[in-house]
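Reproduced below: my_file-v4.csv, with CSV, C-alpha atoms.
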chain,number,residue,atom,x,y,z
A,132,MET,CA,-15.1,8.6,13.3
A,133,ALA,CA,-17.0,5.8,11.6
A,134,LEU,CA,-19.6,6.6,8.9
A,135,ASP,CA,-23.2,5.6,9.5
A,136,PRO,CA,-23.9,2.2,7.7
A,137,GLU,CA,-26.0,3.8,5.0
A,138,THR,CA,-23.4,6.4,4.1
A,139,PHE,CA,-20.6,3.9,4.1
A,140,ASP,CA,-22.6,1.5,1.9
A,141,GLN,CA,-23.3,4.3,-0.6
A,142,LEU,CA,-19.5,5.1,-0.6
A,143,VAL,CA,-18.7,1.4,-1.3
A,144,GLN,CA,-21.3,1.2,-4.1
A,145,THR,CA,-19.9,4.4,-5.7
A,146,VAL,CA,-16.4,3.2,-5.6
A,147,ARG,CA,-17.4,-0.2,-6.9
A,148,ARG,CA,-19.1,1.4,-10.0
A,149,PHE,CA,-16.1,3.7,-10.5
A,150,ILE,CA,-13.7,0.8,-10.5
A,151,ARG,CA,-15.7,-1.4,-12.9
A,152,GLU,CA,-16.8,1.4,-15.3
A,153,ARG,CA,-13.8,3.6,-15.3
A,154,LEU,CA,-10.7,1.7,-14.1
A,155,VAL,CA,-11.0,-1.9,-15.3
A,156,PRO,CA,-11.5,-0.9,-19.0
A,157,ILE,CA,-8.2,1.0,-19.0
A,158,GLU,CA,-6.0,-1.4,-17.1
A,159,ARG,CA,-4.1,-2.6,-20.1
A,160,GLN,CA,-3.7,1.0,-21.3
A,161,VAL,CA,-2.1,2.0,-18.0
A,162,ASP,CA,0.1,-1.1,-18.0
A,163,GLU,CA,1.4,-0.4,-21.6
A,164,ALA,CA,1.8,3.4,-21.1
A,165,ASP,CA,3.0,3.2,-17.5
A,166,LYS,CA,0.8,6.1,-16.7
A,167,ILE,CA,-2.6,6.7,-15.1
A,168,PRO,CA,-4.5,9.3,-17.2
A,169,ASP,CA,-4.9,12.7,-15.6
A,170,ASP,CA,-8.6,12.7,-15.9
A,171,ILE,CA,-8.8,9.5,-13.9
A,172,VAL,CA,-6.7,11.1,-11.1
A,173,ALA,CA,-9.0,14.1,-11.2
A,174,GLU,CA,-12.1,11.8,-10.7
A,175,MET,CA,-10.4,10.1,-7.8
A,176,LYS,CA,-9.9,13.5,-6.2
A,177,GLU,CA,-13.6,14.3,-6.7
A,178,LEU,CA,-14.6,11.0,-5.1
A,179,GLY,CA,-12.5,11.8,-2.0
A,180,LEU,CA,-10.3,8.8,-2.5
A,181,PHE,CA,-7.1,10.7,-1.5
A,182,GLY,CA,-8.5,11.3,2.0
A,183,LEU,CA,-10.2,8.1,3.0
A,184,SER,CA,-8.2,7.7,6.2
A,185,ILE,CA,-7.6,11.4,7.0
A,186,PRO,CA,-9.9,12.8,9.8
A,187,GLN,CA,-13.0,14.6,8.7
A,188,GLU,CA,-11.8,17.8,10.5
A,189,TYR,CA,-9.0,18.1,8.0
A,190,GLY,CA,-11.2,17.5,5.0
A,191,GLY,CA,-10.9,13.7,4.7
A,192,ILE,CA,-13.6,11.0,5.1
A,193,GLY,CA,-12.1,9.6,8.3
A,194,LEU,CA,-12.7,5.9,7.8
A,195,THR,CA,-12.0,3.5,10.6
A,196,VAL,CA,-9.5,0.8,9.8
A,197,THR,CA,-12.4,-1.7,9.4
A,198,GLU,CA,-14.1,0.6,6.9
A,199,GLU,CA,-10.8,1.2,5.1
A,200,VAL,CA,-10.1,-2.4,4.6
A,201,LYS,CA,-13.6,-3.1,3.3
A,202,LEU,CA,-13.0,-0.4,0.7
A,203,ALA,CA,-9.6,-1.8,0.0
A,204,PHE,CA,-11.3,-5.1,-0.9
A,205,GLU,CA,-13.0,-3.1,-3.6
A,206,LEU,CA,-10.0,-1.2,-4.7
A,207,GLY,CA,-8.0,-4.4,-5.0
A,208,TYR,CA,-10.4,-5.6,-7.8
A,209,THR,CA,-8.4,-3.5,-10.3
A,210,SER,CA,-4.8,-2.8,-11.1
A,211,PRO,CA,-2.7,-2.1,-8.0
A,212,ALA,CA,-1.4,1.0,-9.7
A,213,PHE,CA,-4.7,2.8,-9.1
A,214,ARG,CA,-4.6,2.0,-5.4
A,215,SER,CA,-0.9,3.1,-5.2
A,216,ILE,CA,-1.6,6.6,-6.5
A,217,ILE,CA,-4.0,7.2,-3.6
A,218,GLY,CA,-2.5,4.7,-1.1
A,219,THR,CA,0.4,6.9,0.1
A,220,ASN,CA,-2.0,9.8,0.9
A,221,ASN,CA,-4.2,7.4,2.9
A,222,GLY,CA,-1.4,5.4,4.4
A,223,ILE,CA,2.3,5.9,4.9
A,224,GLY,CA,2.3,9.3,3.3
A,225,SER,CA,-0.1,10.9,5.8
A,226,GLN,CA,-0.5,8.7,8.8
A,227,GLY,CA,2.8,9.8,10.4
A,228,ILE,CA,1.3,13.4,10.5
A,229,VAL,CA,-2.1,12.1,11.6
A,230,ASN,CA,-0.7,10.0,14.4
A,231,ASP,CA,2.2,12.2,15.7
A,232,GLY,CA,2.1,15.5,14.0
A,233,THR,CA,1.7,18.8,15.9
A,234,PRO,CA,-1.6,20.7,15.5
A,235,GLU,CA,0.2,23.1,13.2
A,236,GLN,CA,1.5,20.4,11.0
A,237,LYS,CA,-1.8,18.7,10.8
A,238,ALA,CA,-3.6,21.9,9.9
A,239,LYS,CA,-1.0,22.8,7.2
A,240,TYR,CA,-0.7,19.5,5.4
A,241,LEU,CA,-3.6,17.1,6.0
A,242,PRO,CA,-6.3,19.2,4.1
A,243,LYS,CA,-4.0,19.3,1.0
A,244,LEU,CA,-3.3,15.6,1.3
A,245,ALA,CA,-7.0,14.8,1.8
A,246,SER,CA,-8.1,16.7,-1.3
A,247,GLY,CA,-5.3,15.3,-3.5
A,248,GLU,CA,-3.9,18.8,-4.0
A,249,ILE,CA,-0.5,17.3,-3.0
A,250,ILE,CA,0.6,13.7,-3.0
A,251,GLY,CA,2.5,12.4,0.0
A,252,SER,CA,5.4,10.0,0.0
A,253,PHE,CA,7.2,8.0,2.7
A,254,CYS,CA,11.0,7.9,2.8
A,255,LEU,CA,12.5,5.1,4.9
A,256,THR,CA,14.3,2.6,2.8
A,257,GLU,CA,17.9,3.4,1.7
A,258,PRO,CA,20.4,1.7,-0.8
A,259,ASP,CA,21.9,-0.3,2.0
A,260,VAL,CA,19.0,-0.2,4.5
A,261,GLY,CA,15.9,-2.1,3.8
A,262,SER,CA,14.6,-4.6,6.3
A,263,ASP,CA,17.1,-3.3,8.9
A,264,ALA,CA,15.4,0.1,9.1
A,265,ALA,CA,16.9,1.0,12.4
A,266,SER,CA,20.4,1.2,10.7
A,267,LEU,CA,19.5,4.0,8.3
A,268,ARG,CA,22.2,6.5,7.4
A,269,THR,CA,20.4,9.6,6.2
A,270,SER,CA,21.4,12.4,8.6
A,271,ALA,CA,19.7,15.5,9.9
A,272,ARG,CA,22.1,17.9,11.5
A,273,MET,CA,20.9,21.0,13.4
A,274,ASP,CA,22.4,24.3,12.1
A,275,GLY,CA,20.9,27.4,13.7
A,276,ASN,CA,17.1,27.1,13.5
A,277,GLU,CA,17.2,24.6,10.6
A,278,TYR,CA,18.0,20.9,10.0
A,279,VAL,CA,20.4,20.0,7.2
A,280,LEU,CA,19.4,16.7,5.5
A,281,ASN,CA,21.9,14.4,3.7
A,282,GLY,CA,21.3,11.0,2.3
A,283,THR,CA,19.6,8.9,-0.3
A,284,LYS,CA,16.2,7.0,-0.1
A,285,ARG,CA,15.4,4.2,-2.4
A,286,TYR,CA,12.3,2.5,-3.9
A,287,ILE,CA,10.1,5.5,-2.9
A,288,THR,CA,6.6,5.1,-4.2
A,289,ASN,CA,5.0,8.2,-5.8
A,290,ALA,CA,8.2,10.2,-5.3
A,291,PRO,CA,8.1,11.7,-8.9
A,292,HIS,CA,4.7,13.2,-8.1
A,293,ALA,CA,5.0,14.0,-4.4
A,294,GLY,CA,4.5,17.4,-3.0
A,295,VAL,CA,5.6,16.4,0.5
A,296,PHE,CA,7.7,13.7,2.0
A,297,THR,CA,7.8,12.0,5.4
A,298,VAL,CA,11.5,11.4,5.8
A,299,MET,CA,13.2,9.3,8.4
A,300,ALA,CA,16.7,10.6,9.3
A,301,ARG,CA,19.3,10.2,12.1
A,302,THR,CA,19.4,13.2,14.4
A,303,ASP,CA,21.7,11.6,17.0
A,304,PRO,CA,24.9,10.2,15.3
A,305,GLU,CA,26.0,8.7,18.6
A,306,ASN,CA,22.8,6.6,18.9
A,307,LYS,CA,23.2,3.9,16.2
A,308,GLY,CA,19.8,2.4,16.9
A,309,ALA,CA,16.2,3.3,16.6
A,310,GLY,CA,16.3,5.9,19.3
A,311,GLY,CA,18.5,8.2,17.2
A,312,ILE,CA,16.0,8.5,14.4
A,313,SER,CA,13.5,11.4,13.8
A,314,ALA,CA,10.8,11.9,11.3
A,315,PHE,CA,10.6,15.1,9.2
A,316,ILE,CA,8.1,16.7,6.8
A,317,VAL,CA,10.0,17.8,3.7
A,318,GLU,CA,8.3,19.8,0.9
A,319,ASN,CA,9.3,19.2,-2.7
A,320,GLY,CA,11.1,22.0,-4.5
A,321,LEU,CA,13.7,22.7,-1.8
A,322,PRO,CA,17.3,23.4,-3.0
A,323,GLY,CA,19.3,20.2,-2.9
A,324,LEU,CA,16.3,17.8,-3.1
A,325,LYS,CA,16.8,15.7,-6.2
A,326,PHE,CA,15.3,12.6,-7.8
A,327,GLY,CA,16.9,9.6,-9.5
A,328,LYS,CA,15.4,8.2,-12.8
A,329,ALA,CA,12.2,6.3,-12.5
A,330,ASP,CA,12.7,2.6,-11.9
A,331,LYS,CA,11.6,0.1,-14.4
A,332,LYS,CA,9.6,-2.6,-12.6
A,333,MET,CA,8.4,-6.1,-13.2
A,334,GLY,CA,4.8,-5.1,-12.6
A,335,GLN,CA,2.5,-2.4,-11.2
A,336,LYS,CA,3.1,-0.2,-14.2
A,337,GLY,CA,1.6,3.2,-13.6
A,338,ALA,CA,2.8,3.3,-10.1
A,339,HIS,CA,6.1,5.2,-10.1
A,340,VAL,CA,9.1,4.7,-7.9
A,341,CYS,CA,12.5,6.4,-7.8
A,342,ASP,CA,15.4,7.4,-5.5
A,343,VAL,CA,15.0,10.6,-3.5
A,344,ILE,CA,18.4,12.3,-2.8
A,345,PHE,CA,19.0,15.0,-0.2
A,346,GLU,CA,22.2,17.1,-0.6
A,347,ASP,CA,22.4,19.7,2.2
A,348,VAL,CA,18.6,20.2,2.1
A,349,ARG,CA,17.7,22.8,4.7
A,350,ILE,CA,14.3,22.5,6.4
A,351,PRO,CA,12.9,24.5,9.3
A,352,ALA,CA,13.3,23.1,12.8
A,353,ASP,CA,9.6,22.8,13.2
A,354,SER,CA,9.5,20.3,10.4
A,355,ILE,CA,10.2,17.5,12.8
A,356,ILE,CA,7.1,15.4,13.3
A,357,GLY,CA,5.7,15.8,16.8
A,358,GLY,CA,8.2,18.6,17.6
A,359,LYS,CA,10.6,16.1,19.3
A,360,GLU,CA,13.7,14.2,18.2
A,361,GLY,CA,14.1,10.5,18.6
A,362,MET,CA,10.5,9.5,17.9
A,363,GLY,CA,10.8,8.8,14.2
A,364,PHE,CA,11.2,5.1,14.3
A,365,LYS,CA,8.2,4.7,16.6
A,366,THR,CA,6.2,6.9,14.1
A,367,ALA,CA,7.4,4.7,11.2
A,368,MET,CA,6.4,1.5,12.9
A,369,LYS,CA,2.9,2.8,13.8
A,370,VAL,CA,2.4,3.8,10.2
A,371,LEU,CA,3.6,0.5,8.9
A,372,ASP,CA,1.4,-1.5,11.3
A,373,ARG,CA,-1.7,0.1,9.8
A,374,GLY,CA,-0.3,-0.1,6.3
A,375,ARG,CA,0.3,-3.8,6.6
A,376,ILE,CA,-3.4,-4.4,7.3
A,377,ASN,CA,-4.3,-2.3,4.3
A,378,ILE,CA,-1.8,-4.2,2.0
A,379,ALA,CA,-3.4,-7.4,3.2
A,380,ALA,CA,-6.8,-6.1,2.3
A,381,ALA,CA,-5.6,-5.1,-1.2
A,382,CYS,CA,-4.3,-8.7,-1.6
A,383,VAL,CA,-7.7,-10.1,-0.8
A,384,GLY,CA,-9.3,-7.8,-3.4
A,385,VAL,CA,-6.9,-8.9,-6.1
A,386,ALA,CA,-7.4,-12.5,-5.2
A,387,GLN,CA,-11.2,-12.0,-5.6
A,388,ARG,CA,-10.6,-10.6,-9.0
A,389,LEU,CA,-8.3,-13.5,-10.0
A,390,ILE,CA,-10.9,-16.0,-8.8
A,391,GLU,CA,-13.6,-14.3,-10.8
A,392,GLU,CA,-11.4,-14.3,-13.9
A,393,SER,CA,-10.6,-18.0,-13.4
A,394,LEU,CA,-14.3,-18.9,-13.0
A,395,ARG,CA,-15.2,-17.0,-16.1
A,396,TYR,CA,-12.5,-18.7,-18.2
A,397,ALA,CA,-13.1,-22.2,-16.8
A,398,THR,CA,-16.8,-22.0,-17.6
A,399,GLU,CA,-16.3,-20.7,-21.1
A,400,ARG,CA,-13.2,-22.7,-22.2
A,401,LYS,CA,-14.0,-26.2,-23.5
A,402,GLN,CA,-11.8,-29.2,-23.8
A,403,PHE,CA,-12.9,-32.7,-24.8
A,404,GLY,CA,-16.4,-31.5,-25.4
A,405,GLN,CA,-17.1,-29.8,-22.1
A,406,ALA,CA,-16.2,-26.8,-20.0
A,407,ILE,CA,-12.9,-27.3,-18.2
A,408,ALA,CA,-14.8,-26.2,-15.0
A,409,ASN,CA,-16.3,-29.6,-15.0
A,410,TYR,CA,-12.9,-31.3,-14.4
A,411,GLN,CA,-12.0,-32.0,-10.8
A,412,LEU,CA,-8.4,-30.9,-11.1
A,413,ILE,CA,-9.6,-27.4,-12.2
A,414,GLN,CA,-12.2,-27.4,-9.5
A,415,ALA,CA,-9.5,-28.3,-6.9
A,416,MET,CA,-7.5,-25.2,-7.9
A,417,LEU,CA,-10.6,-23.0,-7.8
A,418,ALA,CA,-11.5,-24.4,-4.3
A,419,ASP,CA,-8.0,-23.9,-2.9
A,420,SER,CA,-8.0,-20.3,-4.1
A,421,GLN,CA,-11.4,-19.5,-2.7
A,422,THR,CA,-10.5,-21.1,0.7
A,423,GLU,CA,-7.3,-19.2,1.0
A,424,CYS,CA,-8.9,-15.9,0.0
A,425,TYR,CA,-11.6,-16.4,2.5
A,426,ALA,CA,-9.1,-17.1,5.3
A,427,ALA,CA,-7.1,-14.0,4.4
A,428,LYS,CA,-10.2,-11.9,4.4
A,429,MET,CA,-11.2,-13.0,7.9
A,430,MET,CA,-7.7,-12.3,9.2
A,431,VAL,CA,-7.8,-8.8,7.8
A,432,LEU,CA,-11.2,-8.0,9.3
A,433,ASP,CA,-10.1,-9.4,12.6
A,434,ALA,CA,-6.9,-7.4,12.7
A,435,ALA,CA,-8.8,-4.2,11.6
A,436,GLU,CA,-11.5,-4.6,14.2
A,437,LYS,CA,-8.9,-5.1,17.0
A,438,ARG,CA,-7.0,-2.0,15.9
A,439,ASP,CA,-10.2,0.0,15.9
A,440,ARG,CA,-10.7,-1.2,19.5
A,441,GLY,CA,-7.3,0.2,20.4
A,442,GLU,CA,-5.6,-3.2,20.9
A,443,ASN,CA,-2.0,-3.9,20.1
A,444,THR,CA,-2.1,-5.4,16.6
A,445,ILE,CA,1.6,-5.7,15.7
A,446,GLN,CA,1.3,-9.5,15.5
A,447,GLU,CA,-2.1,-9.5,13.8
A,448,ALA,CA,-1.0,-7.0,11.2
A,449,ALA,CA,2.1,-9.0,10.4
A,450,CYS,CA,0.1,-12.3,10.3
A,451,ALA,CA,-2.4,-10.7,7.9
A,452,LYS,CA,0.2,-9.1,5.6
A,453,TYR,CA,2.3,-12.3,5.5
A,454,TYR,CA,-0.5,-14.7,4.8
A,455,ALA,CA,-2.5,-12.5,2.4
A,456,SER,CA,0.5,-11.5,0.3
A,457,GLU,CA,1.7,-15.1,0.0
A,458,MET,CA,-1.9,-16.2,-0.6
A,459,VAL,CA,-2.5,-13.9,-3.6
A,460,GLY,CA,0.7,-15.1,-5.2
A,461,ARG,CA,-0.6,-18.7,-5.1
A,462,VAL,CA,-4.0,-17.6,-6.4
A,463,ALA,CA,-2.3,-15.7,-9.3
A,464,ASP,CA,-0.3,-18.8,-10.1
A,465,ARG,CA,-3.3,-21.0,-10.2
A,466,ALA,CA,-5.2,-18.4,-12.3
A,467,VAL,CA,-2.5,-18.6,-14.9
A,468,GLN,CA,-2.5,-22.4,-14.8
A,469,ILE,CA,-6.3,-22.5,-15.2
A,470,HIS,CA,-6.0,-20.3,-18.3
A,471,GLY,CA,-3.3,-22.5,-19.7
A,472,GLY,CA,-1.4,-21.0,-22.6
A,473,ALA,CA,-3.8,-18.1,-22.6
A,474,GLY,CA,-2.7,-17.1,-19.1
A,475,TYR,CA,0.8,-16.4,-20.4
A,476,LEU,CA,-0.5,-13.9,-22.9
A,477,ALA,CA,-0.9,-10.2,-22.2
A,478,GLU,CA,-4.3,-10.3,-23.8
A,479,TYR,CA,-5.6,-11.8,-20.5
A,480,SER,CA,-5.6,-9.8,-17.2
A,481,VAL,CA,-4.2,-12.7,-15.2
A,482,GLU,CA,-0.8,-12.3,-16.9
A,483,ARG,CA,-0.6,-8.7,-15.7
A,484,PHE,CA,-1.8,-9.5,-12.2
A,485,TYR,CA,0.7,-12.4,-11.9
A,486,ARG,CA,3.4,-9.8,-12.3
A,487,ASP,CA,1.7,-7.1,-10.2
A,488,VAL,CA,1.1,-9.2,-7.0
A,489,ARG,CA,4.7,-10.3,-6.7
A,490,LEU,CA,5.5,-7.0,-5.0
A,491,PHE,CA,3.1,-7.5,-2.2
A,492,ARG,CA,5.5,-10.0,-0.6
A,493,ILE,CA,8.3,-7.4,-0.5
A,494,TYR,CA,7.2,-3.9,0.3
A,495,GLU,CA,6.2,-2.6,3.7
A,496,GLY,CA,8.1,-5.5,5.2
A,497,THR,CA,9.1,-8.7,3.4
A,498,SER,CA,7.5,-12.0,4.2
A,499,GLN,CA,10.6,-13.0,6.1
A,500,ILE,CA,10.5,-9.8,8.2
A,501,GLN,CA,6.8,-10.6,9.0
A,502,GLN,CA,7.8,-14.0,10.2
A,503,LEU,CA,10.4,-12.4,12.6
A,504,ILE,CA,7.8,-9.9,13.8
A,505,ILE,CA,5.2,-12.6,14.4
A,506,ALA,CA,7.7,-14.8,16.3
A,507,ARG,CA,9.0,-11.9,18.4
A,508,GLU,CA,5.4,-10.9,19.4
A,509,MET,CA,4.5,-14.5,20.2
A,510,LEU,CA,7.5,-14.7,22.6
A,511,LYS,CA,6.6,-11.4,24.2
A,512,ARG,CA,3.0,-12.4,24.8
A,513,PHE,CA,4.0,-15.8,26.1
A,514,ALA,CA,6.4,-14.2,28.6
A,515,GLY,CA,3.6,-11.9,29.7
Whole structure given in C-alpha cells:
Amino acid sequence: MALDPETFDQLVQTVRRFIRERLVPIERQVDEADKIPDDIVAEMKELGLFGLSIPQEYGGIGLTVTEEVKLAFELGYTSPAFRSIIGTNNGIGSQGIVNDGTPEQKAKYLPKLASGEIIGSFCLTEPDVGSDAASLRTSARMDGNEYVLNGTKRYITNAPHAGVFTVMARTDPENKGAGGISAFIVENGLPGLKFGKADKKMGQKGAHVCDVIFEDVRIPADSIIGGKEGMGFKTAMKVLDRGRINIAAACVGVAQRLIEESLRYATERKQFGQAIANYQLIQAMLADSQTECYAAKMMVLDAAEKRDRGENTIQEAACAKYYASEMVGRVADRAVQIHGGAGYLAEYSVERFYRDVRLFRIYEGTSQIQQLIIAREMLKRFAG
C-alpha cells in the first residue's frame, strides 16, 4: 500500500535529516571501528527503517517499490554500511517470507523483522556455489517431522547479528537443478548452527559478513517457506529481482554524494590562481558523472514503476543493477581523480566510497551475470 504523498514526503525529509545530522558525521568512526554504534541502530528502529518494505499489517511501513527506491536514493548518500544493517530486513532477509510465506510464518516473523527486534539474513551463496545458484549443495533431509540441514553458506551479510535466516537447501537429491531446491526459515541458536570468523573486507566496514555452517541442524517441517518443497529457487529469484532494483537505487544515492563532494572540492581547490572547477577537463569529469547518474536514476524509477504495476521486470532489474553499479564505480574513480592526491587520503570521504562501491558490482549477481540475464530475457521477449 502506497503512502499518501504528504506522509511519504515527511518520511523522506525525516530520513534525510537523520542521515545528514546523525550518520554522515560518524562515517569515518564506523569505518575505523568496523562497527555501527548501538545507539544509532536503536534510532533506526525508532524511525521504522527496519520495516520499510514489510506490509503495514505486520508492523512495517509497506512502501511500494517506487517509494522504496526514492528512499534508497537518500540512504545511499551515506556509508553503505548503514543501509546494509537495515537492508536485509527490508530486502532479501524478509521478502521471501513476504512473497511466499504461509500466513503463520508471516505472523510469526514479519512483525519482529519490521521492528528490528530481529535481523534477517539470506543464505544462498556457498563456497563453491556463487553465480551458479542452482547447483547449491546444502541439503535438507526429512527425518520424522523435522528437516535436517547440512552445509555451509558463504559471504552472508549480517549473519553475526541475525536472529533468523532464509536458507536455500536441496530437498530432492535426485533433482540436481533448481527444482530440487527449497527455502527454509531457520532461527539462530539451534544446535549445530555455527558461524565462521567475520570476514575482513576491502570496504563497507561496519557491515559484517561471515560463513554460516549447518551441522545436522534440526528444524520443524513447517519451517519450509510456503509449506511446499521445490519452490525455493523461484522464491530466491523473486527476492533478488526486487533487491537488484534497490541496489541500483543505492548506487544512485552514493553517486549523488560523490558528485556533491567533487563539486565542493573543485570549487574550493585552487590551482594557477583559480578554482579547478573552472578548468574544462575537470568540468568534463563532473558532466560525465552527472549524466551517468541521471541515466541510472531514470532506469531505476522506470523498473520500480513497472514492478509496482505487476509487470515482469527481470530484464529491467538486471539492466538497472548492471548499469548503476558500473556507473557508481566510474563516478567514484572520477571523484578521486578530481581530488587528486587528496582523494587517496582517508581524510576525504571519496577514498572510503571508492572502496565501498566496488562491492555493488559483485553481490546480488555480478555484472557478468546481469549481462547473461539481460540477454536471456531479450531472446525470450523476441521469440514471443
- Message: Could you check the closest approach to Val155 of chain A for each of A:Gly207, A:Gly474, A:Gly404, A:Pro304 and tell me which residue wins, using only C-alpha atoms?
- Response: A:Gly207
- Query: Counting all atoms listed in the file, which of A:Lys511, A:Arg400, A:His292, A:Lys284 gets nearest to Ser215 of chain A?
  - Reply: A:His292
- Task: For each of A:Glu205, A:Arg486, A:Ser246, A:Asp140, take the minimum atom-to-atom distance to Gly182 of chain A, counting all atoms listed in the file, then give the residue where this is smallest.
- Result: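 Distance minimum relative to Gly182 of chain A lands on A:Ser246.
Closest approach to Phe204 of chain A among A:Tyr425, A:Phe181, A:Phe403, A:Phe296 is made by A:Tyr425 (distances from all atoms listed in the file).
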Name all residues at most 9 Å from Cys254 of chain A (count all atoms listed in the file; drop same-chain ones fewer than 3 positions away) and give them as an mmCIF file with C-alpha atoms, keeping the file's coordinate frame.
data_model
loop_
_atom_site.group_PDB
_atom_site.id
_atom_site.type_symbol
_atom_site.label_atom_id
_atom_site.label_comp_id
_atom_site.auth_asym_id
_atom_site.auth_seq_id
_atom_site.Cartn_x
_atom_site.Cartn_y
_atom_site.Cartn_z
ATOM 1 C CA GLY A 224 2.300 9.300 3.300
ATOM 2 C CA GLU A 257 17.900 3.400 1.700
ATOM 3 C CA LYS A 284 16.200 7.000 -0.100
ATOM 4 C CA ARG A 285 15.400 4.200 -2.400
ATOM 5 C CA TYR A 286 12.300 2.500 -3.900
ATOM 6 C CA ILE A 287 10.100 5.500 -2.900
ATOM 7 C CA THR A 288 6.600 5.100 -4.200
ATOM 8 C CA ALA A 290 8.200 10.200 -5.300
ATOM 9 C CA PHE A 296 7.700 13.700 2.000
ATOM 10 C CA THR A 297 7.800 12.000 5.400
ATOM 11 C CA VAL A 298 11.500 11.400 5.800
ATOM 12 C CA MET A 299 13.200 9.300 8.400
ATOM 13 C CA VAL A 343 15.000 10.600 -3.500
#
- Residue with smallest distance to Ala309 of chain A - pool A:Ala271, A:Glu137, A:Val340, A:Ala265, counting all atoms listed in the file: A:Ala265
- Message: At a cut-off of 8 Å, using all atoms listed in the file, what residues contact segment 235-241 of chain A? Leave out same-chain residues fewer than 3 positions from it and give the result as a PyMOL selection string.
- Response: chain A and resi 185+189-190+225+228-229+232+244-245+356
- Between A:Gln499, A:Lys201, A:Asn409, A:Ile157, which one has atoms that come closest to Met429 of chain A, using all atoms listed in the file? A:Lys201
- Interatomic distance (Å, one decimal) between atom CA of Met458 of chain A and atom CA of Asp419 of chain A: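 These atoms are spaced 10.1 Å apart.
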- Note on the structure: Between atom CA of Glu457 of chain A and atom CA of Leu432 of chain A lies a distance of 17.4 Å
- Query: Quick one, how far is atom CA of Ala448 of chain A from atom CA of Leu183 of chain A?
  - Reply: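 Interatomic distance here is 19.5 Å.
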What are the closest atom pairs, with distances in Å to one decimal, for each residue of segment 392-503 of chain A lying within 6 Å of segment 360-383 of chain A, using all atoms listed in the file, rows by chain and rising residue number, as JSON lines?
{"residue": "A:Cys424", "atom": "CA", "partner": "A:Val383", "partner_atom": "CA", "distance": 6.0}
{"residue": "A:Ala448", "atom": "CA", "partner": "A:Ile376", "partner_atom": "CA", "distance": 5.3}
{"residue": "A:Ala451", "atom": "CA", "partner": "A:Ala379", "partner_atom": "CA", "distance": 5.8}
{"residue": "A:Lys452", "atom": "CA", "partner": "A:Ala379", "partner_atom": "CA", "distance": 4.6}
{"residue": "A:Ala455", "atom": "CA", "partner": "A:Ala379", "partner_atom": "CA", "distance": 5.2}
{"residue": "A:Ser456", "atom": "CA", "partner": "A:Cys382", "partner_atom": "CA", "distance": 5.9}
{"residue": "A:Val459", "atom": "CA", "partner": "A:Cys382", "partner_atom": "CA", "distance": 5.9}
- Query: Quick one: residues within 9 Å of Arg147 of chain A, only C-alpha atoms counted, chain neighbours fewer than 5 positions away excluded, as a list in words?
  - Reply: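 Contacts, in chain order: Leu142, Glu152, Leu202, Glu205, Leu206 and Tyr208 of chain A.
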Could you write out the selected residues, including C-alpha atoms, as a compact mmCIF listing (two decimals), keeping the file's coordinate frame?
# COMPACT_ATOMS: atom_id res chain seq x y z
CA LEU A 142 -19.50 5.10 -0.60
CA GLU A 152 -16.80 1.40 -15.30
CA LEU A 202 -13.00 -0.40 0.70
CA GLU A 205 -13.00 -3.10 -3.60
CA LEU A 206 -10.00 -1.20 -4.70
CA TYR A 208 -10.40 -5.60 -7.80
- Item | Near-Arg272 of chain A list (9 Å; all atoms listed in the file; drop same-chain fewer than 4 positions) as JSON, numbers by chain | {"A": [277, 278, 279, 280, 281, 301, 302, 303]}
Mind rebuilding segment 291-302 of chain A with N, CA and C atoms and writing that out as a PDB file, keeping the file's coordinate frame?
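Wrote it out as result.pdb, contents follow:
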ATOM      1  N   PRO A 291       8.121  10.706  -7.765  1.00  0.00           N
ATOM      2  CA  PRO A 291       8.100  11.700  -8.900  1.00  0.00           C
ATOM      3  C   PRO A 291       6.978  12.646  -8.861  1.00  0.00           C
ATOM      4  N   HIS A 292       5.913  12.326  -8.134  1.00  0.00           N
ATOM      5  CA  HIS A 292       4.700  13.200  -8.100  1.00  0.00           C
ATOM      6  C   HIS A 292       4.451  13.836  -6.783  1.00  0.00           C
ATOM      7  N   ALA A 293       5.277  13.534  -5.800  1.00  0.00           N
ATOM      8  CA  ALA A 293       5.000  14.000  -4.400  1.00  0.00           C
ATOM      9  C   ALA A 293       5.198  15.447  -4.214  1.00  0.00           C
ATOM     10  N   GLY A 294       4.340  16.009  -3.387  1.00  0.00           N
ATOM     11  CA  GLY A 294       4.500  17.400  -3.000  1.00  0.00           C
ATOM     12  C   GLY A 294       5.089  17.520  -1.600  1.00  0.00           C
ATOM     13  N   VAL A 295       5.011  16.420  -0.825  1.00  0.00           N
ATOM     14  CA  VAL A 295       5.600  16.400   0.500  1.00  0.00           C
ATOM     15  C   VAL A 295       6.036  15.013   0.873  1.00  0.00           C
ATOM     16  N   PHE A 296       7.131  14.953   1.609  1.00  0.00           N
ATOM     17  CA  PHE A 296       7.700  13.700   2.000  1.00  0.00           C
ATOM     18  C   PHE A 296       7.814  13.546   3.501  1.00  0.00           C
ATOM     19  N   THR A 297       7.500  12.346   3.999  1.00  0.00           N
ATOM     20  CA  THR A 297       7.800  12.000   5.400  1.00  0.00           C
ATOM     21  C   THR A 297       9.142  11.296   5.367  1.00  0.00           C
ATOM     22  N   VAL A 298      10.146  11.918   5.944  1.00  0.00           N
ATOM     23  CA  VAL A 298      11.500  11.400   5.800  1.00  0.00           C
ATOM     24  C   VAL A 298      12.064  11.010   7.177  1.00  0.00           C
ATOM     25  N   MET A 299      12.580   9.796   7.227  1.00  0.00           N
ATOM     26  CA  MET A 299      13.200   9.300   8.400  1.00  0.00           C
ATOM     27  C   MET A 299      14.736   9.576   8.321  1.00  0.00           C
ATOM     28  N   ALA A 300      15.297  10.241   9.336  1.00  0.00           N
ATOM     29  CA  ALA A 300      16.700  10.600   9.300  1.00  0.00           C
ATOM     30  C   ALA A 300      17.289  10.492  10.723  1.00  0.00           C
ATOM     31  N   ARG A 301      18.597  10.285  10.800  1.00  0.00           N
ATOM     32  CA  ARG A 301      19.300  10.200  12.100  1.00  0.00           C
ATOM     33  C   ARG A 301      19.673  11.533  12.617  1.00  0.00           C
ATOM     34  N   THR A 302      19.115  11.900  13.744  1.00  0.00           N
ATOM     35  CA  THR A 302      19.400  13.200  14.400  1.00  0.00           C
ATOM     36  C   THR A 302      20.494  13.041  15.449  1.00  0.00           C
TER      37      THR A 302
END
